[in-house]
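Enquirer: This is protein-v2.tsv (TSV, C-alpha atoms).
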chain	number	residue	atom	x	y	z
M	1	MET	CA	60.81	55.84	114.60
M	2	SER	CA	63.73	53.79	115.99
M	3	GLU	CA	62.29	54.13	119.52
M	4	GLN	CA	58.96	52.75	118.30
M	5	LEU	CA	60.71	49.81	116.63
M	6	GLU	CA	62.68	49.16	119.79
M	7	ARG	CA	59.48	49.13	121.84
M	8	SER	CA	57.77	46.78	119.37
M	9	GLY	CA	60.86	44.56	119.43
M	10	ARG	CA	60.79	44.38	123.22
M	11	GLY	CA	57.07	43.70	123.10
M	12	GLY	CA	57.60	40.87	120.61
M	13	ILE	CA	60.27	39.27	122.80
M	14	LEU	CA	58.03	39.56	125.85
M	15	GLN	CA	55.12	38.00	123.97
M	16	GLU	CA	57.34	35.15	122.79
M	17	PHE	CA	58.59	34.55	126.33
M	18	LYS	CA	55.00	34.49	127.65
M	19	LEU	CA	54.04	31.98	124.95
M	20	GLN	CA	56.98	29.75	125.87
M	21	ILE	CA	56.18	29.82	129.58
M	22	PHE	CA	52.48	29.25	128.93
M	23	THR	CA	53.13	26.31	126.59
M	24	LEU	CA	55.59	24.57	128.90
M	25	GLY	CA	53.47	25.32	131.95
M	26	GLU	CA	50.34	23.92	130.31
M	27	LEU	CA	52.14	20.74	129.27
M	28	ALA	CA	53.65	20.22	132.72
M	29	LEU	CA	50.26	20.92	134.32
M	30	LEU	CA	48.66	18.37	132.00
M	31	LEU	CA	51.13	15.70	133.17
M	32	TRP	CA	50.35	16.47	136.81
M	33	VAL	CA	46.58	16.56	136.26
M	34	ILE	CA	46.72	13.17	134.55
M	35	GLU	CA	48.66	11.68	137.46
M	36	ILE	CA	46.42	13.27	140.10
M	37	VAL	CA	43.28	11.98	138.36
M	38	ASN	CA	44.94	8.61	137.95
M	39	VAL	CA	45.70	8.33	141.68
M	40	VAL	CA	42.46	9.84	142.99
M	41	LEU	CA	40.23	7.68	140.79
M	42	GLY	CA	42.48	4.61	140.94
M	43	LEU	CA	42.59	4.32	137.15
M	44	ARG	CA	45.98	2.57	136.87
M	45	LEU	CA	46.78	4.47	133.67
M	46	ALA	CA	50.37	3.27	133.74
M	47	SER	CA	49.03	-0.04	132.44
M	48	TRP	CA	48.61	1.81	129.12
M	49	GLY	CA	52.39	1.92	128.77
M	50	ILE	CA	54.34	0.49	125.85
M	51	LEU	CA	54.08	-3.29	125.45
M	52	PRO	CA	57.08	-4.51	123.43
M	53	ARG	CA	56.50	-6.14	120.06
M	54	GLN	CA	52.71	-6.15	120.30
M	55	PRO	CA	51.68	-4.84	116.84
M	56	PHE	CA	48.13	-3.90	117.87
M	57	GLU	CA	49.46	-1.91	120.85
M	58	LEU	CA	51.66	0.56	118.94
M	59	TRP	CA	49.19	3.35	119.81
M	60	ARG	CA	50.61	3.22	123.34
M	61	ILE	CA	53.76	4.93	122.07
M	62	LEU	CA	51.72	8.12	121.68
M	63	VAL	CA	50.29	8.13	125.21
M	64	SER	CA	53.17	6.69	127.26
M	65	PRO	CA	55.11	10.00	127.62
M	66	PHE	CA	52.07	11.47	129.42
M	67	LEU	CA	51.87	8.66	132.00
M	68	HIS	CA	54.07	7.98	135.04
M	69	PHE	CA	54.58	5.44	137.79
M	70	GLY	CA	53.54	7.79	140.60
M	71	PHE	CA	54.36	11.31	141.74
M	72	ALA	CA	58.05	10.64	142.46
M	73	HIS	CA	58.57	9.48	138.87
M	74	LEU	CA	56.71	12.51	137.51
M	75	ALA	CA	58.52	14.96	139.82
M	76	ALA	CA	61.90	13.62	138.64
M	77	ASN	CA	60.90	14.35	135.03
M	78	THR	CA	59.18	17.71	135.47
M	79	LEU	CA	62.12	20.07	136.03
M	80	PRO	CA	64.38	18.71	133.25
M	81	PHE	CA	61.37	18.76	130.92
M	82	LEU	CA	60.79	22.44	131.69
M	83	VAL	CA	64.45	23.50	131.55
M	84	LEU	CA	65.56	21.54	128.49
M	85	GLY	CA	62.29	22.19	126.68
M	86	TRP	CA	62.66	25.92	127.25
M	87	LEU	CA	66.26	25.89	125.99
M	88	ILE	CA	64.99	24.40	122.74
M	89	MET	CA	62.13	26.91	122.59
M	90	LEU	CA	64.61	29.78	122.81
M	91	ARG	CA	65.40	29.21	119.15
M	92	SER	CA	61.86	28.60	117.98
M	93	MET	CA	58.59	27.01	118.98
M	94	SER	CA	58.63	24.82	115.87
M	95	ASP	CA	61.95	23.28	117.00
M	96	PHE	CA	60.35	22.36	120.31
M	97	VAL	CA	57.33	20.77	118.65
M	98	MET	CA	59.47	18.88	116.12
M	99	VAL	CA	61.94	17.55	118.70
M	100	SER	CA	59.16	16.61	121.14
M	101	VAL	CA	57.24	14.62	118.54
M	102	VAL	CA	60.14	12.81	116.87
M	103	THR	CA	61.89	11.91	120.11
M	104	GLY	CA	58.64	10.80	121.73
M	105	VAL	CA	57.90	8.49	118.81
M	106	GLY	CA	61.53	7.44	118.28
M	107	SER	CA	62.19	6.55	121.90
M	108	GLY	CA	58.85	4.73	122.04
M	109	LEU	CA	59.71	2.65	118.98
M	110	GLY	CA	63.08	1.80	120.54
M	111	VAL	CA	61.28	0.59	123.66
M	112	TRP	CA	58.74	-1.35	121.58
M	113	LEU	CA	61.49	-3.10	119.63
M	114	PHE	CA	64.11	-3.79	122.30
M	115	SER	CA	62.58	-3.79	125.80
M	116	PRO	CA	61.97	-7.09	127.62
M	117	THR	CA	58.81	-8.89	126.46
M	118	TYR	CA	56.70	-8.52	129.59
M	119	SER	CA	57.77	-5.00	130.54
M	120	VAL	CA	55.55	-1.90	130.56
M	121	THR	CA	57.21	1.46	129.93
M	122	VAL	CA	55.80	4.92	130.63
M	123	GLY	CA	57.19	8.39	131.29
M	124	ALA	CA	58.53	11.51	129.61
M	125	SER	CA	62.19	10.60	130.12
M	126	GLY	CA	62.62	9.43	126.51
M	127	VAL	CA	61.57	12.90	125.34
M	128	ILE	CA	63.84	14.53	127.94
M	129	PHE	CA	66.83	12.52	126.70
M	130	GLY	CA	65.82	13.58	123.20
M	131	TYR	CA	66.03	17.23	124.27
M	132	PHE	CA	69.39	16.52	125.87
M	133	GLY	CA	70.79	14.88	122.73
M	134	PHE	CA	69.38	17.59	120.46
M	135	LEU	CA	70.87	20.48	122.43
M	136	LEU	CA	74.32	18.87	122.63
M	137	ALA	CA	74.35	17.80	118.98
M	138	ARG	CA	73.11	21.16	117.76
M	139	ALA	CA	76.23	22.75	119.22
M	140	TRP	CA	78.39	20.23	117.37
M	141	PHE	CA	76.67	20.64	114.00
M	142	GLU	CA	76.04	24.37	114.20
M	143	ARG	CA	79.25	25.58	115.90
M	144	SER	CA	77.68	28.90	116.91
M	145	LEU	CA	78.52	30.60	120.20
M	146	VAL	CA	74.89	30.56	121.30
M	147	ALA	CA	74.46	26.83	120.61
M	148	ILE	CA	77.77	26.02	122.30
M	149	GLY	CA	76.84	28.16	125.31
M	150	ILE	CA	73.50	26.39	125.64
M	151	ALA	CA	75.18	22.97	125.32
M	152	ALA	CA	77.69	23.90	128.02
M	153	THR	CA	74.83	24.95	130.29
M	154	VAL	CA	73.03	21.68	129.59
M	155	MET	CA	76.14	19.66	130.41
M	156	PHE	CA	76.64	21.61	133.63
M	157	LEU	CA	73.04	21.14	134.75
M	158	TYR	CA	72.25	17.66	133.46
M	159	GLY	CA	75.44	16.06	132.17
M	160	GLY	CA	75.12	13.26	134.70
M	161	ILE	CA	72.00	11.87	133.05
M	162	ILE	CA	74.12	10.52	130.19
M	163	TRP	CA	74.64	7.39	132.29
M	164	GLY	CA	70.92	6.72	131.89
M	165	ILE	CA	71.48	5.44	128.34
M	166	PHE	CA	73.27	2.39	129.75
M	167	PRO	CA	71.58	-0.63	131.38
M	168	THR	CA	72.92	0.10	134.85
M	169	GLN	CA	69.75	0.55	136.91
M	170	LEU	CA	67.09	-2.12	137.40
M	171	GLY	CA	63.57	-0.99	136.56
M	172	VAL	CA	64.69	2.02	134.50
M	173	SER	CA	64.10	1.96	130.74
M	174	TRP	CA	67.54	2.63	129.34
M	175	GLN	CA	66.04	1.80	125.94
M	176	ALA	CA	63.77	4.86	126.12
M	177	HIS	CA	66.72	7.00	127.21
M	178	LEU	CA	69.12	5.67	124.57
M	179	PHE	CA	66.74	5.95	121.63
M	180	GLY	CA	65.45	9.32	122.74
M	181	PHE	CA	69.04	10.56	122.93
M	182	LEU	CA	69.95	9.13	119.50
M	183	VAL	CA	66.82	10.51	117.82
M	184	GLY	CA	67.57	13.91	119.38
M	185	ILE	CA	71.01	13.82	117.75
M	186	LEU	CA	69.48	12.85	114.40
M	187	ALA	CA	66.94	15.67	114.72
M	188	ALA	CA	69.78	18.17	115.26
M	189	ARG	CA	71.60	16.80	112.20
M	190	TRP	CA	68.43	17.02	110.08
M	191	TYR	CA	67.74	20.54	111.34
M	192	ARG	CA	71.26	21.64	110.37
M	193	SER	CA	70.95	20.11	106.90
M	194	LYS	CA	67.61	21.80	106.36
M	195	LYS	CA	69.01	25.15	107.49
M	196	SER	CA	72.02	24.80	105.18
M	197	LYS	CA	69.75	24.24	102.16
M	198	ALA	CA	67.50	27.21	103.01
Show me the file's structure as structure tokens.
Expert:
Amino acid sequence: MSEQLERSGRGGILQEFKLQIFTLGELALLLWVIEIVNVVLGLRLASWGILPRQPFELWRILVSPFLHFGFAHLAANTLPFLVLGWLIMLRSMSDFVMVSVVTGVGSGLGVWLFSPTYSVTVGASGVIFGYFGFLLARAWFERSLVAIGIAATVMFLYGGIIWGIFPTQLGVSWQAHLFGFLVGILAARWYRSKKSKA
């Protein structure tokens, strides 16, 4: 009986891993397909980016994480999206969905409110900074060995991106980075409060 349970346990873990890889792979593929179609057909989809303080253009917040200013921009975002996204998925798929949505919207609202008037902002980096903030803050709020180990790994791999929340590089939306990071921290705090009440 115990051997059967062990096999079913291993099977469940393998199925979960396959689901994680499939989900992340499909999302990353979607980003690349959008950019390829954009370039091949000359659609200029980046023009659909966030336009600050335009009330009838708030819908752009929902599409901007899927758009990029060329393949170099997308390539720079792909690997951290996959790695940090997977580290969140390790706990649960619902965490990944929750953090992706709230940081995408939160970083977009930060851009909409505080970016220069005539700027256009696109890219998944606000969500990536949200993942970064969530994983670091979760270790602080949770204080478990697993969460701390993941946070240490994140700092080792991507700690240098923290400078992206400051206005140090022309043409880079530090607003998206900063608000994504802050919303990620708030999501970790909310998650911990919810878990404590359960």
Enquirer: Leaving out range 33-44 of chain M and any residue of its chain fewer than 6 positions from it, which residues lie within 9 Å of it when counting all atoms listed in the file, given as a ChimeraX atom specification?
Expert: /M:66-71,74
Enquirer: If I take CA of Phe132 in chain M and CA of Leu58 in chain M, how far is one from the other in Å, to one decimal?
Expert: 24.8 Å
Enquirer: To one decimal place, how far is CA of Val63 in chain M from CA of Asn77 in chain M in Å?
Expert: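 One can read the CA of Val63 in chain M to CA of Asn77 in chain M distance as 15.7 Å.
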Enquirer: Taking all atoms listed in the file into account, which of M:Gly123, M:Gly159, M:Gly184, M:Gly171 comes nearest Ala75 in chain M?
Expert: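 Nearest candidate to Ala75 in chain M out of M:Gly123, M:Gly159, M:Gly184, M:Gly171: M:Gly123.
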Enquirer: One decimal, Å: what's the distance from CA of Gly160 in chain M over to CA of His73 in chain M, could you say?
Expert: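 Straight-line distance from CA of Gly160 in chain M to CA of His73 in chain M works out to 17.5 Å.
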Enquirer: Which residue gives the smallest distance to Arg53 in chain M among M:Gly164, M:Gly12, M:Gly110, M:Pro65, with all atoms listed in the file counted?
Expert: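 Counting all atoms listed in the file, the residue closest to Arg53 in chain M is M:Gly110.
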Enquirer: Find the residue from M:Trp32, M:Trp163, M:Tyr118, M:Trp190 that sits nearest to Thr78 in chain M; use all atoms listed in the file when measuring.
Expert: M:Trp32
